[in-house]
Amino acid sequence: MKLTKKGRDYLKATIGLAVISSLLGVKSMIALAFALSIAILISYAILASVTMTETTITIEPKEMRGFKGDEFQATISMMFKRGRWVSVHLSSFQLPDGVIVKSQELSEGVAKLIVKSPYAGRFAGIGIRIELWDALGIFSKEFQTVNSQFVLESLPLSLLAPVRATKPIQLSIGERSARSQGTSLELYSLEEYQPFTETKNLLWKKIARMPDERLIVRVREATIPEIVRIGLLDIATRKGEARLRFADLVCEGVGGLCNNLIAAGCSVEILSTSRELGGIESFLVSNISELGDGLMSFLSKPATQKESISQTQITVLSDIIVTGLLELEDLNRANPIAKKLSLLIQDENALPLVVGDRSTIYSGLEDILPLVSKVLER
């Protein structure tokens with residue numbers, strides 16, 4: 001509880017009135033000073049009795065998802081059981097690092113927030129500081145509350161990037177089926193000839209036996225892998241700006257990889273270490289919407305030191321490893337990763353012990369298409 005500027009002036013005037021009236025002996029002035037004192041005491045008692053249990057704070061919407069850099073609007077409303085005796089004002093907001101917020105008070109107890117983030121990632125929780133005034137505006141009281149249901153999910157811009165055609169080299173033809181149309185030597189299906197179909201695939205002998213004049217062509221099978229596994233390793237300790245930048249580049253890198261692999265006809269399985277129960281968590285991605293869900297699920301849990309067994313399993317099972325250069329400062333971890341296709345997130349001041357020749361060090365500007373081509377050629 002503290003006095004407002006108006007309260008200090010009000011209190012000085014009341015005390016002055018009481019002193020002057022007692023010196024002059026004017027009963028009406030003494031009664032007025034007494035009445036003002038009682039009003040001050042009542043206002044103080046009412047405001048002092050207000051607790052957070054009598055406060056309802058709502059945020060709409062509670063969850064927002066869009067691309068990084070986009071602005072999102074939310075409305076905060078507050079209600080008090082003794083609303084007619086106190087006035088409420090939003091004092092300040094505290095959002096997670098990496099989120100930019102602007103606020104505008106629309107009316108008493110209602111404010112509009114405009115939030116955005118220059119980083120891809122998941123940002124949860126909001127701290128709200130509110131200030132209560134008594135009906136006379138003499139006293140004020142502050143409360144600090146945290147709403148953990150407020151979530152901003154900022155998706156990477158790589159999901160919006162145009163996809164360029166990616167083809168495996170011919171040496172891989174016929175090695176693995178993708179259960180889709182392609183250029184291998186394996187038969188996929190028979191279809192009627194279309195104007196864009198290559199004439200070399202016409203089955204002339206079968207056409208000659210057909211009772212009608214339909215043209216039948218051989219559709220070959222694709223040789224790209226049906227499922228590509230991307231392993232995420234997040235083990236090193238990162239704080240502040242380093243953590244925000246790492247999460248942003250992981251989202252951008254994985255988004256770019258998945259975007260191109262899905263366009264090539266693959267499904268993608270994301271592997272990460274379970275941060276609660278141990279072992280490995282995985283989610284299958286066959287479209288961009290599912291990728292957004294998967295990335296936000298991975299980022300929703302704080303990074304902790306993972307079990308070495310799970311790390312090894314992810315490295316063995318994955319076709320592409322996505323991790324940071326800081327993780328490669330451990331030789332037992334760096335050696336097996338060096339043998340895999342990997343997207344290595346650039347960390348400042350990192351001293352990796354081993355970097356494989358099939359690795360791409362990623363700062364957000366590098367072309368990841370060669371990495372996609374390599375995994376399709378396997």
# chains A, B, ... in the order shown; residues from 1 in each chain; ligands from 1
>>> residues_around(residues="Arg333 in chain A", least_positions_apart="2", cutoff="10 Å", atoms="only C-alpha atoms", output="PyMOL selection string")
chain A and resi 308+311-312+315+327-331+335-338+353-354
>>> write_last_selection(atoms="N, CA and C atoms", output="JSON list (two decimals), in the first residue's frame")
[["chain", "number", "residue", "atom", "x", "y", "z"],
["A", 308, "SER", "N", 22.98, -40.51, -22.16],
["A", 308, "SER", "CA", 23.89, -40.80, -23.25],
["A", 308, "SER", "C", 23.38, -41.94, -24.13],
["A", 311, "GLN", "N", 21.03, -40.46, -26.67],
["A", 311, "GLN", "CA", 21.79, -39.69, -27.65],
["A", 311, "GLN", "C", 22.38, -40.62, -28.70],
["A", 312, "THR", "N", 22.96, -41.72, -28.24],
["A", 312, "THR", "CA", 23.57, -42.68, -29.17],
["A", 312, "THR", "C", 22.53, -43.30, -30.08],
["A", 315, "THR", "N", 21.55, -40.85, -32.81],
["A", 315, "THR", "CA", 22.60, -40.75, -33.81],
["A", 315, "THR", "C", 22.59, -41.94, -34.75],
["A", 327, "GLU", "N", 27.71, -28.99, -29.06],
["A", 327, "GLU", "CA", 27.58, -30.42, -28.75],
["A", 327, "GLU", "C", 28.80, -31.21, -29.20],
["A", 328, "LEU", "N", 29.52, -30.70, -30.19],
["A", 328, "LEU", "CA", 30.68, -31.42, -30.73],
["A", 328, "LEU", "C", 31.95, -31.17, -29.94],
["A", 329, "GLU", "N", 31.86, -30.46, -28.83],
["A", 329, "GLU", "CA", 33.01, -30.29, -27.95],
["A", 329, "GLU", "C", 33.25, -31.53, -27.09],
["A", 330, "ASP", "N", 32.32, -32.48, -27.16],
["A", 330, "ASP", "CA", 32.46, -33.79, -26.51],
["A", 330, "ASP", "C", 32.89, -34.79, -27.59],
["A", 331, "LEU", "N", 34.09, -35.36, -27.46],
["A", 331, "LEU", "CA", 34.63, -36.24, -28.49],
["A", 331, "LEU", "C", 33.78, -37.49, -28.67],
["A", 335, "ASN", "N", 32.45, -37.84, -32.65],
["A", 335, "ASN", "CA", 32.93, -38.88, -33.58],
["A", 335, "ASN", "C", 31.80, -39.57, -34.34],
["A", 336, "PRO", "N", 30.77, -40.08, -33.66],
["A", 336, "PRO", "CA", 29.69, -40.73, -34.42],
["A", 336, "PRO", "C", 28.89, -39.76, -35.28],
["A", 337, "ILE", "N", 28.72, -38.51, -34.83],
["A", 337, "ILE", "CA", 27.98, -37.52, -35.63],
["A", 337, "ILE", "C", 28.77, -37.18, -36.90],
["A", 338, "ALA", "N", 30.10, -37.20, -36.82],
["A", 338, "ALA", "CA", 30.93, -36.88, -37.98],
["A", 338, "ALA", "C", 30.74, -37.87, -39.12],
["A", 353, "LEU", "N", 35.44, -30.55, -31.75],
["A", 353, "LEU", "CA", 36.63, -31.40, -31.86],
["A", 353, "LEU", "C", 36.69, -32.11, -33.20],
["A", 354, "VAL", "N", 35.52, -32.49, -33.74],
["A", 354, "VAL", "CA", 35.47, -33.18, -35.03],
["A", 354, "VAL", "C", 34.26, -32.67, -35.80]]
>>> residues_around(residues="range 117-121 of chain A", least_positions_apart="4", cutoff="6 Å", atoms="only C-alpha atoms", output="ChimeraX atom specification")
/A:68-69,98-100,154-156,248
>>> write_last_selection(atoms="all heavy atoms", output="mmCIF file, in the first residue's frame")
data_model
loop_
_atom_site.group_PDB
_atom_site.id
_atom_site.type_symbol
_atom_site.label_atom_id
_atom_site.label_comp_id
_atom_site.auth_asym_id
_atom_site.auth_seq_id
_atom_site.Cartn_x
_atom_site.Cartn_y
_atom_site.Cartn_z
ATOM 1 N N LYS A 68 7.282 -15.992 -37.655
ATOM 2 C CA LYS A 68 8.080 -15.026 -36.896
ATOM 3 C C LYS A 68 8.077 -13.676 -37.620
ATOM 4 O O LYS A 68 8.104 -13.600 -38.850
ATOM 5 C CB LYS A 68 9.501 -15.541 -36.686
ATOM 6 C CG LYS A 68 10.399 -15.559 -37.899
ATOM 7 C CD LYS A 68 11.804 -16.029 -37.498
ATOM 8 C CE LYS A 68 12.787 -15.924 -38.644
ATOM 9 N NZ LYS A 68 14.131 -16.396 -38.279
ATOM 10 N N GLY A 69 8.016 -12.637 -36.809
ATOM 11 C CA GLY A 69 7.925 -11.288 -37.350
ATOM 12 C C GLY A 69 6.501 -10.791 -37.475
ATOM 13 O O GLY A 69 6.275 -9.576 -37.557
ATOM 14 N N GLY A 98 12.842 -12.600 -26.003
ATOM 15 C CA GLY A 98 12.629 -12.870 -27.416
ATOM 16 C C GLY A 98 11.279 -12.403 -27.924
ATOM 17 O O GLY A 98 11.009 -12.479 -29.122
ATOM 18 N N VAL A 99 10.418 -11.908 -27.030
ATOM 19 C CA VAL A 99 9.090 -11.430 -27.419
ATOM 20 C C VAL A 99 9.034 -9.917 -27.225
ATOM 21 O O VAL A 99 9.421 -9.401 -26.180
ATOM 22 C CB VAL A 99 7.978 -12.107 -26.600
ATOM 23 C CG1 VAL A 99 6.620 -11.567 -26.998
ATOM 24 C CG2 VAL A 99 8.017 -13.615 -26.786
ATOM 25 N N ILE A 100 8.572 -9.224 -28.235
ATOM 26 C CA ILE A 100 8.400 -7.774 -28.183
ATOM 27 C C ILE A 100 6.919 -7.478 -27.968
ATOM 28 O O ILE A 100 6.061 -8.041 -28.655
ATOM 29 C CB ILE A 100 8.890 -7.122 -29.487
ATOM 30 C CG1 ILE A 100 10.372 -7.436 -29.723
ATOM 31 C CG2 ILE A 100 8.675 -5.617 -29.455
ATOM 32 C CD1 ILE A 100 10.873 -7.019 -31.079
ATOM 33 N N SER A 154 5.906 -19.165 -32.697
ATOM 34 C CA SER A 154 6.443 -18.425 -33.843
ATOM 35 C C SER A 154 7.106 -19.418 -34.795
ATOM 36 O O SER A 154 8.130 -20.023 -34.469
ATOM 37 C CB SER A 154 7.455 -17.385 -33.333
ATOM 38 O OG SER A 154 7.990 -16.634 -34.385
ATOM 39 N N LEU A 155 6.516 -19.595 -35.974
ATOM 40 C CA LEU A 155 6.995 -20.597 -36.924
ATOM 41 C C LEU A 155 8.111 -20.033 -37.797
ATOM 42 O O LEU A 155 8.166 -18.834 -38.073
ATOM 43 C CB LEU A 155 5.840 -21.064 -37.814
ATOM 44 C CG LEU A 155 4.671 -21.746 -37.101
ATOM 45 C CD1 LEU A 155 3.566 -22.073 -38.097
ATOM 46 C CD2 LEU A 155 5.126 -23.006 -36.380
ATOM 47 N N PRO A 156 9.021 -20.893 -38.255
ATOM 48 C CA PRO A 156 10.134 -20.429 -39.089
ATOM 49 C C PRO A 156 9.691 -20.025 -40.485
ATOM 50 O O PRO A 156 8.753 -20.590 -41.056
ATOM 51 C CB PRO A 156 11.060 -21.657 -39.138
ATOM 52 C CG PRO A 156 10.151 -22.823 -38.928
ATOM 53 C CD PRO A 156 9.095 -22.345 -37.971
ATOM 54 N N ASP A 248 15.887 -20.751 -32.841
ATOM 55 C CA ASP A 248 15.467 -20.159 -34.107
ATOM 56 C C ASP A 248 16.094 -20.892 -35.287
ATOM 57 O O ASP A 248 15.411 -21.249 -36.259
ATOM 58 C CB ASP A 248 15.856 -18.682 -34.121
ATOM 59 C CG ASP A 248 15.533 -18.001 -35.446
ATOM 60 O OD1 ASP A 248 14.344 -17.847 -35.751
ATOM 61 O OD2 ASP A 248 16.476 -17.639 -36.183
#
>>> residues_around(residues="Glu269 in chain A", least_positions_apart="3", cutoff="12 Å", atoms="only C-alpha atoms", output="number ranges by chain")
A: 225-232, 254, 257-258, 261-262, 266, 272, 280-287, 290-291, 294-295, 314, 317-321
>>> write_last_selection(atoms="N, CA, C and O atoms", output="tab-separated table (two decimals), in the first residue's frame")
chain	number	residue	atom	x	y	z
A	225	PRO	N	13.74	-42.39	-50.52
A	225	PRO	CA	13.31	-43.12	-49.31
A	225	PRO	C	11.90	-42.74	-48.91
A	225	PRO	O	11.47	-41.60	-49.09
A	226	GLU	N	11.18	-43.71	-48.39
A	226	GLU	CA	9.80	-43.44	-47.96
A	226	GLU	C	9.77	-42.55	-46.73
A	226	GLU	O	8.94	-41.65	-46.63
A	227	ILE	N	10.68	-42.80	-45.78
A	227	ILE	CA	10.75	-42.01	-44.55
A	227	ILE	C	12.20	-41.58	-44.33
A	227	ILE	O	13.11	-42.40	-44.41
A	228	VAL	N	12.40	-40.30	-44.07
A	228	VAL	CA	13.71	-39.78	-43.70
A	228	VAL	C	13.65	-39.39	-42.23
A	228	VAL	O	12.73	-38.68	-41.81
A	229	ARG	N	14.61	-39.85	-41.45
A	229	ARG	CA	14.62	-39.57	-40.00
A	229	ARG	C	15.62	-38.46	-39.70
A	229	ARG	O	16.79	-38.54	-40.06
A	230	ILE	N	15.11	-37.44	-39.03
A	230	ILE	CA	15.94	-36.31	-38.61
A	230	ILE	C	16.05	-36.34	-37.09
A	230	ILE	O	15.04	-36.29	-36.39
A	231	GLY	N	17.27	-36.44	-36.59
A	231	GLY	CA	17.50	-36.50	-35.15
A	231	GLY	C	17.91	-35.13	-34.61
A	231	GLY	O	18.79	-34.47	-35.15
A	232	LEU	N	17.24	-34.70	-33.54
A	232	LEU	CA	17.54	-33.42	-32.90
A	232	LEU	C	18.30	-33.67	-31.61
A	232	LEU	O	17.80	-34.38	-30.72
A	254	VAL	N	15.38	-27.24	-39.70
A	254	VAL	CA	14.49	-28.40	-39.81
A	254	VAL	C	13.32	-28.08	-40.72
A	254	VAL	O	12.88	-28.93	-41.52
A	257	LEU	N	14.61	-28.40	-44.30
A	257	LEU	CA	14.82	-29.80	-44.65
A	257	LEU	C	13.49	-30.50	-44.92
A	257	LEU	O	13.32	-31.17	-45.95
A	258	CYS	N	12.55	-30.34	-43.99
A	258	CYS	CA	11.26	-31.02	-44.13
A	258	CYS	C	10.48	-30.49	-45.33
A	258	CYS	O	9.83	-31.26	-46.04
A	261	LEU	N	12.01	-32.16	-48.35
A	261	LEU	CA	11.83	-33.61	-48.36
A	261	LEU	C	10.37	-33.99	-48.61
A	261	LEU	O	10.08	-34.93	-49.36
A	262	ILE	N	9.45	-33.26	-48.02
A	262	ILE	CA	8.02	-33.53	-48.25
A	262	ILE	C	7.67	-33.25	-49.70
A	262	ILE	O	6.92	-34.00	-50.34
A	266	CYS	N	8.77	-37.58	-49.68
A	266	CYS	CA	9.12	-38.34	-48.48
A	266	CYS	C	8.24	-37.91	-47.30
A	266	CYS	O	7.75	-36.79	-47.26
A	272	SER	N	13.82	-37.08	-31.08
A	272	SER	CA	14.47	-36.28	-30.03
A	272	SER	C	14.44	-37.07	-28.74
A	272	SER	O	13.69	-38.05	-28.60
A	280	ILE	N	13.42	-42.13	-26.29
A	280	ILE	CA	13.31	-41.31	-27.51
A	280	ILE	C	11.86	-40.98	-27.79
A	280	ILE	O	10.98	-41.83	-27.71
A	281	GLU	N	11.62	-39.73	-28.13
A	281	GLU	CA	10.32	-39.28	-28.62
A	281	GLU	C	10.40	-39.12	-30.13
A	281	GLU	O	11.45	-38.74	-30.66
A	282	SER	N	9.33	-39.39	-30.82
A	282	SER	CA	9.32	-39.21	-32.27
A	282	SER	C	7.95	-38.75	-32.72
A	282	SER	O	6.94	-39.02	-32.08
A	283	PHE	N	7.92	-38.02	-33.83
A	283	PHE	CA	6.65	-37.66	-34.45
A	283	PHE	C	6.86	-37.66	-35.95
A	283	PHE	O	7.91	-37.28	-36.47
A	284	LEU	N	5.83	-38.15	-36.64
A	284	LEU	CA	5.89	-38.29	-38.09
A	284	LEU	C	5.29	-37.07	-38.75
A	284	LEU	O	4.22	-36.60	-38.36
A	285	VAL	N	5.97	-36.55	-39.75
A	285	VAL	CA	5.56	-35.34	-40.44
A	285	VAL	C	5.33	-35.67	-41.91
A	285	VAL	O	6.24	-36.17	-42.58
A	286	SER	N	4.12	-35.41	-42.39
A	286	SER	CA	3.84	-35.62	-43.81
A	286	SER	C	3.34	-34.35	-44.49
A	286	SER	O	3.13	-34.33	-45.69
A	287	ASN	N	3.16	-33.28	-43.69
A	287	ASN	CA	2.77	-31.99	-44.27
A	287	ASN	C	3.28	-30.87	-43.36
A	287	ASN	O	3.73	-31.11	-42.23
A	290	GLU	N	1.69	-30.45	-39.74
A	290	GLU	CA	2.21	-31.39	-38.75
A	290	GLU	C	3.61	-31.02	-38.31
A	290	GLU	O	3.98	-31.23	-37.16
A	291	LEU	N	4.39	-30.45	-39.22
A	291	LEU	CA	5.74	-30.02	-38.85
A	291	LEU	C	5.69	-28.92	-37.80
A	291	LEU	O	6.46	-28.92	-36.83
A	294	GLY	N	4.97	-30.49	-34.50
A	294	GLY	CA	6.11	-31.25	-33.99
A	294	GLY	C	7.19	-30.35	-33.43
A	294	GLY	O	7.74	-30.62	-32.35
A	295	LEU	N	7.52	-29.29	-34.13
A	295	LEU	CA	8.55	-28.38	-33.66
A	295	LEU	C	8.13	-27.70	-32.36
A	295	LEU	O	8.93	-27.57	-31.42
A	314	ILE	N	19.68	-42.00	-31.07
A	314	ILE	CA	19.24	-41.01	-32.05
A	314	ILE	C	20.27	-40.89	-33.17
A	314	ILE	O	19.92	-40.83	-34.35
A	317	LEU	N	19.99	-44.03	-35.42
A	317	LEU	CA	18.74	-44.19	-36.15
A	317	LEU	C	18.51	-43.09	-37.20
A	317	LEU	O	17.77	-43.31	-38.15
A	318	SER	N	19.13	-41.95	-37.03
A	318	SER	CA	18.80	-40.80	-37.87
A	318	SER	C	19.56	-40.82	-39.19
A	318	SER	O	20.71	-41.26	-39.27
A	319	ASP	N	18.90	-40.31	-40.22
A	319	ASP	CA	19.55	-40.09	-41.51
A	319	ASP	C	20.26	-38.74	-41.54
A	319	ASP	O	21.27	-38.58	-42.21
A	320	ILE	N	19.69	-37.77	-40.82
A	320	ILE	CA	20.30	-36.44	-40.71
A	320	ILE	C	20.28	-36.05	-39.23
A	320	ILE	O	19.26	-36.20	-38.56
A	321	ILE	N	21.42	-35.57	-38.73
A	321	ILE	CA	21.50	-35.08	-37.36
A	321	ILE	C	21.46	-33.55	-37.39
A	321	ILE	O	22.19	-32.91	-38.16
>>> residues_around(residues="Ser91 in chain A", least_positions_apart="2", cutoff="8 Å", atoms="only C-alpha atoms", output="PyMOL selection string")
chain A and resi 89+93+128-131
>>> write_last_selection(atoms="all heavy atoms", output="PDB file, in the first residue's frame")
ATOM      1  N   HIS A  89      -5.733  -0.731 -12.907  1.00  0.00           N
ATOM      2  CA  HIS A  89      -4.937  -0.232 -14.021  1.00  0.00           C
ATOM      3  C   HIS A  89      -3.800  -1.216 -14.276  1.00  0.00           C
ATOM      4  O   HIS A  89      -3.202  -1.750 -13.341  1.00  0.00           O
ATOM      5  CB  HIS A  89      -4.376   1.157 -13.714  1.00  0.00           C
ATOM      6  CG  HIS A  89      -5.421   2.161 -13.365  1.00  0.00           C
ATOM      7  ND1 HIS A  89      -6.089   2.906 -14.317  1.00  0.00           N
ATOM      8  CD2 HIS A  89      -5.943   2.522 -12.156  1.00  0.00           C
ATOM      9  CE1 HIS A  89      -6.958   3.705 -13.712  1.00  0.00           C
ATOM     10  NE2 HIS A  89      -6.892   3.484 -12.409  1.00  0.00           N
ATOM     11  N   PHE A  93       3.948  -5.317 -18.158  1.00  0.00           N
ATOM     12  CA  PHE A  93       3.904  -6.712 -18.590  1.00  0.00           C
ATOM     13  C   PHE A  93       5.325  -7.250 -18.674  1.00  0.00           C
ATOM     14  O   PHE A  93       6.264  -6.509 -18.962  1.00  0.00           O
ATOM     15  CB  PHE A  93       3.241  -6.862 -19.964  1.00  0.00           C
ATOM     16  CG  PHE A  93       1.874  -6.260 -20.040  1.00  0.00           C
ATOM     17  CD1 PHE A  93       1.677  -4.976 -20.495  1.00  0.00           C
ATOM     18  CD2 PHE A  93       0.776  -6.994 -19.647  1.00  0.00           C
ATOM     19  CE1 PHE A  93       0.423  -4.415 -20.560  1.00  0.00           C
ATOM     20  CE2 PHE A  93      -0.490  -6.448 -19.709  1.00  0.00           C
ATOM     21  CZ  PHE A  93      -0.675  -5.160 -20.161  1.00  0.00           C
ATOM     22  N   ILE A 128       2.066 -10.194 -15.338  1.00  0.00           N
ATOM     23  CA  ILE A 128       1.209  -9.005 -15.398  1.00  0.00           C
ATOM     24  C   ILE A 128       1.274  -8.289 -14.052  1.00  0.00           C
ATOM     25  O   ILE A 128       0.983  -8.881 -13.008  1.00  0.00           O
ATOM     26  CB  ILE A 128      -0.250  -9.382 -15.709  1.00  0.00           C
ATOM     27  CG1 ILE A 128      -0.331 -10.195 -16.998  1.00  0.00           C
ATOM     28  CG2 ILE A 128      -1.119  -8.136 -15.797  1.00  0.00           C
ATOM     29  CD1 ILE A 128      -1.700 -10.768 -17.266  1.00  0.00           C
ATOM     30  N   ARG A 129       1.660  -7.038 -14.066  1.00  0.00           N
ATOM     31  CA  ARG A 129       1.643  -6.227 -12.846  1.00  0.00           C
ATOM     32  C   ARG A 129       0.461  -5.261 -12.938  1.00  0.00           C
ATOM     33  O   ARG A 129       0.360  -4.482 -13.881  1.00  0.00           O
ATOM     34  CB  ARG A 129       2.953  -5.454 -12.681  1.00  0.00           C
ATOM     35  CG  ARG A 129       3.001  -4.621 -11.383  1.00  0.00           C
ATOM     36  CD  ARG A 129       4.366  -3.983 -11.210  1.00  0.00           C
ATOM     37  NE  ARG A 129       5.375  -4.984 -10.942  1.00  0.00           N
ATOM     38  CZ  ARG A 129       5.637  -5.494  -9.735  1.00  0.00           C
ATOM     39  NH1 ARG A 129       4.945  -5.087  -8.686  1.00  0.00           N
ATOM     40  NH2 ARG A 129       6.569  -6.389  -9.582  1.00  0.00           N
ATOM     41  N   ILE A 130      -0.419  -5.353 -11.956  1.00  0.00           N
ATOM     42  CA  ILE A 130      -1.614  -4.511 -11.952  1.00  0.00           C
ATOM     43  C   ILE A 130      -1.591  -3.588 -10.728  1.00  0.00           C
ATOM     44  O   ILE A 130      -1.024  -3.927  -9.690  1.00  0.00           O
ATOM     45  CB  ILE A 130      -2.900  -5.352 -11.958  1.00  0.00           C
ATOM     46  CG1 ILE A 130      -2.917  -6.309 -10.768  1.00  0.00           C
ATOM     47  CG2 ILE A 130      -3.038  -6.122 -13.243  1.00  0.00           C
ATOM     48  CD1 ILE A 130      -4.168  -7.147 -10.685  1.00  0.00           C
ATOM     49  N   GLU A 131      -2.200  -2.436 -10.878  1.00  0.00           N
ATOM     50  CA  GLU A 131      -2.244  -1.455  -9.800  1.00  0.00           C
ATOM     51  C   GLU A 131      -3.697  -1.123  -9.485  1.00  0.00           C
ATOM     52  O   GLU A 131      -4.475  -0.795 -10.387  1.00  0.00           O
ATOM     53  CB  GLU A 131      -1.485  -0.189 -10.207  1.00  0.00           C
ATOM     54  CG  GLU A 131      -1.326   0.816  -9.075  1.00  0.00           C
ATOM     55  CD  GLU A 131      -0.465   1.999  -9.483  1.00  0.00           C
ATOM     56  OE1 GLU A 131      -0.298   2.232 -10.697  1.00  0.00           O
ATOM     57  OE2 GLU A 131       0.035   2.701  -8.578  1.00  0.00           O
TER      58      GLU A 131
END
>>> atom_distance(atom1="CA of Pro96 in chain A", atom2="CA of Ile126 in chain A")
7.0 Å
>>> decode(residues="range 42-49 of chain A", atoms="all heavy atoms", output="PDB file, in the first residue's frame")
ATOM      1  N   ILE A  42     -11.854   4.383   5.521  1.00  0.00           N
ATOM      2  CA  ILE A  42     -12.683   3.372   4.857  1.00  0.00           C
ATOM      3  C   ILE A  42     -12.063   2.962   3.524  1.00  0.00           C
ATOM      4  O   ILE A  42     -11.997   1.769   3.193  1.00  0.00           O
ATOM      5  CB  ILE A  42     -14.113   3.909   4.653  1.00  0.00           C
ATOM      6  CG1 ILE A  42     -14.808   4.092   6.013  1.00  0.00           C
ATOM      7  CG2 ILE A  42     -14.915   2.971   3.757  1.00  0.00           C
ATOM      8  CD1 ILE A  42     -16.170   4.748   5.915  1.00  0.00           C
ATOM      9  N   SER A  43     -11.590   3.965   2.762  1.00  0.00           N
ATOM     10  CA  SER A  43     -10.954   3.659   1.487  1.00  0.00           C
ATOM     11  C   SER A  43      -9.721   2.788   1.689  1.00  0.00           C
ATOM     12  O   SER A  43      -9.473   1.826   0.942  1.00  0.00           O
ATOM     13  CB  SER A  43     -10.557   4.956   0.767  1.00  0.00           C
ATOM     14  OG  SER A  43     -11.681   5.644   0.308  1.00  0.00           O
ATOM     15  N   TYR A  44      -8.948   3.111   2.721  1.00  0.00           N
ATOM     16  CA  TYR A  44      -7.747   2.326   3.022  1.00  0.00           C
ATOM     17  C   TYR A  44      -8.125   0.890   3.392  1.00  0.00           C
ATOM     18  O   TYR A  44      -7.503  -0.070   2.918  1.00  0.00           O
ATOM     19  CB  TYR A  44      -6.971   2.986   4.161  1.00  0.00           C
ATOM     20  CG  TYR A  44      -5.725   2.229   4.554  1.00  0.00           C
ATOM     21  CD1 TYR A  44      -4.514   2.476   3.923  1.00  0.00           C
ATOM     22  CD2 TYR A  44      -5.766   1.265   5.563  1.00  0.00           C
ATOM     23  CE1 TYR A  44      -3.368   1.781   4.271  1.00  0.00           C
ATOM     24  CE2 TYR A  44      -4.629   0.556   5.914  1.00  0.00           C
ATOM     25  CZ  TYR A  44      -3.430   0.819   5.274  1.00  0.00           C
ATOM     26  OH  TYR A  44      -2.308   0.118   5.621  1.00  0.00           O
ATOM     27  N   ALA A  45      -9.140   0.725   4.232  1.00  0.00           N
ATOM     28  CA  ALA A  45      -9.545  -0.607   4.693  1.00  0.00           C
ATOM     29  C   ALA A  45     -10.051  -1.459   3.534  1.00  0.00           C
ATOM     30  O   ALA A  45      -9.734  -2.656   3.429  1.00  0.00           O
ATOM     31  CB  ALA A  45     -10.613  -0.481   5.776  1.00  0.00           C
ATOM     32  N   ILE A  46     -10.830  -0.852   2.647  1.00  0.00           N
ATOM     33  CA  ILE A  46     -11.366  -1.597   1.504  1.00  0.00           C
ATOM     34  C   ILE A  46     -10.234  -2.067   0.594  1.00  0.00           C
ATOM     35  O   ILE A  46     -10.178  -3.228   0.189  1.00  0.00           O
ATOM     36  CB  ILE A  46     -12.377  -0.737   0.716  1.00  0.00           C
ATOM     37  CG1 ILE A  46     -13.637  -0.504   1.547  1.00  0.00           C
ATOM     38  CG2 ILE A  46     -12.719  -1.404  -0.609  1.00  0.00           C
ATOM     39  CD1 ILE A  46     -14.623   0.439   0.893  1.00  0.00           C
ATOM     40  N   LEU A  47      -9.319  -1.146   0.273  1.00  0.00           N
ATOM     41  CA  LEU A  47      -8.219  -1.516  -0.624  1.00  0.00           C
ATOM     42  C   LEU A  47      -7.297  -2.533   0.024  1.00  0.00           C
ATOM     43  O   LEU A  47      -6.818  -3.470  -0.645  1.00  0.00           O
ATOM     44  CB  LEU A  47      -7.426  -0.256  -1.009  1.00  0.00           C
ATOM     45  CG  LEU A  47      -6.378  -0.441  -2.114  1.00  0.00           C
ATOM     46  CD1 LEU A  47      -7.041  -0.897  -3.401  1.00  0.00           C
ATOM     47  CD2 LEU A  47      -5.607   0.859  -2.349  1.00  0.00           C
ATOM     48  N   ALA A  48      -7.054  -2.405   1.318  1.00  0.00           N
ATOM     49  CA  ALA A  48      -6.182  -3.350   2.014  1.00  0.00           C
ATOM     50  C   ALA A  48      -6.764  -4.749   2.047  1.00  0.00           C
ATOM     51  O   ALA A  48      -6.035  -5.740   2.121  1.00  0.00           O
ATOM     52  CB  ALA A  48      -5.909  -2.855   3.433  1.00  0.00           C
ATOM     53  N   SER A  49      -8.071  -4.859   2.005  1.00  0.00           N
ATOM     54  CA  SER A  49      -8.715  -6.170   2.097  1.00  0.00           C
ATOM     55  C   SER A  49      -8.776  -6.907   0.764  1.00  0.00           C
ATOM     56  O   SER A  49      -9.114  -8.088   0.720  1.00  0.00           O
ATOM     57  CB  SER A  49     -10.134  -6.005   2.644  1.00  0.00           C
ATOM     58  OG  SER A  49     -10.943  -5.285   1.722  1.00  0.00           O
TER      59      SER A  49
END
